[in-house]
Amino acid sequence: MIWQSYRATFFAIFSDRAVMLLLIGSAILYSFFYPAAYSGEVAERIPVVVVDNDHSATSRAFVQRVDAVQQARIAARVSSPAEALSLMQERRADAILYIPVGFERAILRGDQGTVALFGNGAFLLRSSTSLTGLGAALGAVGRDAAMAQAMARGAPAPSPFAVIARPLFNTREGYGSSIVPGVTFLIIQQTMLMGMAMLAATLREARGDHRFSPPRLLGIALAFFTVGWGVLAYWTGFVFWFQDYPRAGADGLTLIVSGTLFIAATVAAALALSSLFQVRERPVQLWIVTSLPIYFLANLSWPAEQTPHWLTLFARLLPTTPGIHLMIGTNQMGASLDEQWPELINLALLILLYGLIALWRLTPLNRSETAPPPRR
C-alpha cells in the first residue's frame, strides 16, 4: 500500500503542470536566474571625481594611487567642489575626493595632510566601496610619507605586530556568497510547502474532504521526500559548485543526516499545512506574502540578539530557522553534527510535531473513511 501511494503521488505530481513547475521547474529556474543578480559579488571601479587644489607632486601621486585601486576609478578631474557636486547629482560619480591647498606642504613639515572624502548616501554600497578604495590609497600615501619622514628624522622602532585579515567562509567577501546559500534552503522549503498544499487543495476541490490511511499517507510523504532530496542534492551538489559559492567539504554522513532532517521536517510541515487549504490558488498567495518574513525570522542576516525573544521562539516552529543554520553550518562552514546538535534536535521535534498534526488532520477517524490514493 505504501508503494502504491508512493507511485500514485508521483503520477499526481507529474500530471499537474503547475505543481511540477513549482516543485521541480522553479528549482532549476532559480538556480540560474537568482544567483545571476549577485554575480558581481563585490562592487568595483566605482566612478570618483577629483578636486585637486594643491597641484603638487604628492597630490598627483595620491590621485594615481586612487586610480590604481580596484574599488575606484577616476571619472573626472574638476577645479571646484561645486562642479564635483554637480557631477554627483547627475549620477556620473559616486564619491568626491577633495585635496585642499597645502596638502603637500603639511606633509613635508611633518604634520598631517588633510583631504576630504564625500560619498553619495543614496547608494550606500557603491559609495562605501569607493570610499574604502580612497582610504586604501590614502593609507599607502601616508605610509610613504611616514617612511620619508623617518629617513629624515631617524627610523622609529618597527611595529611589534602585523594584522593579516583572511576571511574564513565567505572567502570573496561578496554579497552573493553571503545571501544566496541561505535563501536556497528557503526556496526549497517554500516550493515544497506550496507544491504539496496546491496538490492537496486540487484534490479537495475535486473530491471534498479527502483522508488517507496511515500507510498511504506515509507513501505520499516518501514521494515528496524523494523530490525534496533531489532538489537539495541538485543545489548543494551542482549549483553551489557551478556558481562557485563557498563549500567547506563536510563529510558525506554529516550532509546526509542534516539534509534528511531538514527535508523530513519540511515534508511534515507541508503535510500539516496542506490540510488547511481547499482552494488551489491559496498556497501560491501565501508563498508570496510569507517568504521574506520567514527568511528574516531565520536570523541569518539579522542577529537573534536584536530580535524579541518571543519572536525567536516562534521562529523555531519554522523548518527554515534550524534548517538554514544547519545546512549553512555543515555545507558552507564544515561544522560537525556535534556542533549542530541544537538544530538537529529542533528539526527532530518539528518532524514529530507536524507529523502528529498531519496524522490527526489527514487520517480517518475509522477505517470506513479511508479513501484511495490521489490520482488525476
# chains A, B, ... in the order shown; residues from 1 in each chain; ligands from 1
>>> closest_atom_pairs(of="stretch 179-271 of chain A", to="stretch 316-326 of chain A", cutoff="9 Å", atoms="only C-alpha atoms", output="CSV")
residue,atom,partner,partner_atom,distance
A:Pro181,CA,A:Ile324,CA,8.6
A:Gly182,CA,A:Ile324,CA,5.8
A:Val183,CA,A:Ile324,CA,8.3
A:Thr184,CA,A:Ile324,CA,8.7
A:Phe185,CA,A:Ile324,CA,6.1
A:Leu186,CA,A:Thr320,CA,6.1
A:Gln189,CA,A:Thr320,CA,7.0
A:Ser258,CA,A:Leu326,CA,6.7
A:Gly259,CA,A:Gly323,CA,8.4
A:Leu261,CA,A:Gly323,CA,8.2
A:Phe262,CA,A:Gly323,CA,5.4
A:Ile263,CA,A:Gly323,CA,8.7
A:Ala265,CA,A:Pro319,CA,6.0
A:Thr266,CA,A:Pro319,CA,5.9
A:Ala269,CA,A:Pro319,CA,7.7
>>> closest_residue(among="A:Leu117, A:Ala223, A:Leu138, A:Met327", to="A:Thr236", atoms="only C-alpha atoms")
A:Met327
>>> closest_atom_pairs(of="stretch 188-207 of chain A", to="stretch 230-235 of chain A", cutoff="12 Å", atoms="only C-alpha atoms", output="CSV")
residue,atom,partner,partner_atom,distance
A:Ile188,CA,A:Leu232,CA,7.2
A:Gln189,CA,A:Leu232,CA,9.9
A:Thr191,CA,A:Val231,CA,10.1
A:Met192,CA,A:Val231,CA,9.8
>>> write_last_selection(atoms="N, CA, C and O atoms", output="CSV table (one decimal), in the first residue's frame")
chain,number,residue,atom,x,y,z
A,188,ILE,N,13.8,26.0,-1.2
A,188,ILE,CA,13.4,24.5,-1.1
A,188,ILE,C,12.2,24.3,-0.2
A,188,ILE,O,11.2,23.6,-0.6
A,189,GLN,N,12.2,25.0,0.9
A,189,GLN,CA,11.1,24.8,1.9
A,189,GLN,C,9.8,25.4,1.2
A,189,GLN,O,8.7,24.7,1.2
A,191,THR,N,8.9,26.0,-1.9
A,191,THR,CA,8.3,25.3,-3.0
A,191,THR,C,7.7,23.9,-2.6
A,191,THR,O,6.7,23.5,-3.1
A,192,MET,N,8.3,23.3,-1.6
A,192,MET,CA,7.8,22.1,-1.1
A,192,MET,C,6.4,22.3,-0.4
A,192,MET,O,5.5,21.6,-0.6
>>> residues_around(residues="A:Gly119", least_positions_apart="6", cutoff="7 Å", atoms="only C-alpha atoms", output="number ranges by chain")
A: 94-96, 127, 131
>>> residues_around(residues="A:Gly334", least_positions_apart="5", cutoff="12 Å", atoms="only C-alpha atoms", output="ChimeraX atom specification")
/A:168-169,246-252,254-255,325-329,339-340
>>> write_last_selection(atoms="C-alpha atoms", output="tab-separated table (two decimals), in the first residue's frame")
chain	number	residue	atom	x	y	z
A	168	LEU	CA	37.27	32.01	6.53
A	169	PHE	CA	33.92	31.13	4.99
A	246	PRO	CA	31.71	28.65	-0.62
A	247	ARG	CA	31.73	24.95	0.25
A	248	ALA	CA	33.57	23.57	3.26
A	249	GLY	CA	33.65	19.96	2.12
A	250	ALA	CA	31.83	18.44	5.10
A	251	ASP	CA	31.85	14.64	5.23
A	252	GLY	CA	29.07	12.76	3.46
A	254	THR	CA	27.04	14.87	8.09
A	255	LEU	CA	25.44	16.20	4.93
A	325	HIS	CA	21.62	27.30	10.17
A	326	LEU	CA	22.19	23.55	10.00
A	327	MET	CA	22.80	23.43	6.24
A	328	ILE	CA	24.92	26.58	6.16
A	329	GLY	CA	26.94	25.30	9.12
A	339	GLU	CA	28.48	21.27	16.94
A	340	GLN	CA	24.99	21.47	15.41
>>> residues_around(residues="A:Gly219", least_positions_apart="2", cutoff="12 Å", atoms="only C-alpha atoms", output="VMD selection string")
chain A and resid 1 to 10 212 to 217 221 to 226 267 271 373 to 374
>>> closest_residue(among="A:Ala272, A:Val289, A:Ala76, A:Tyr295", to="A:Leu356", atoms="only C-alpha atoms")
A:Ala272
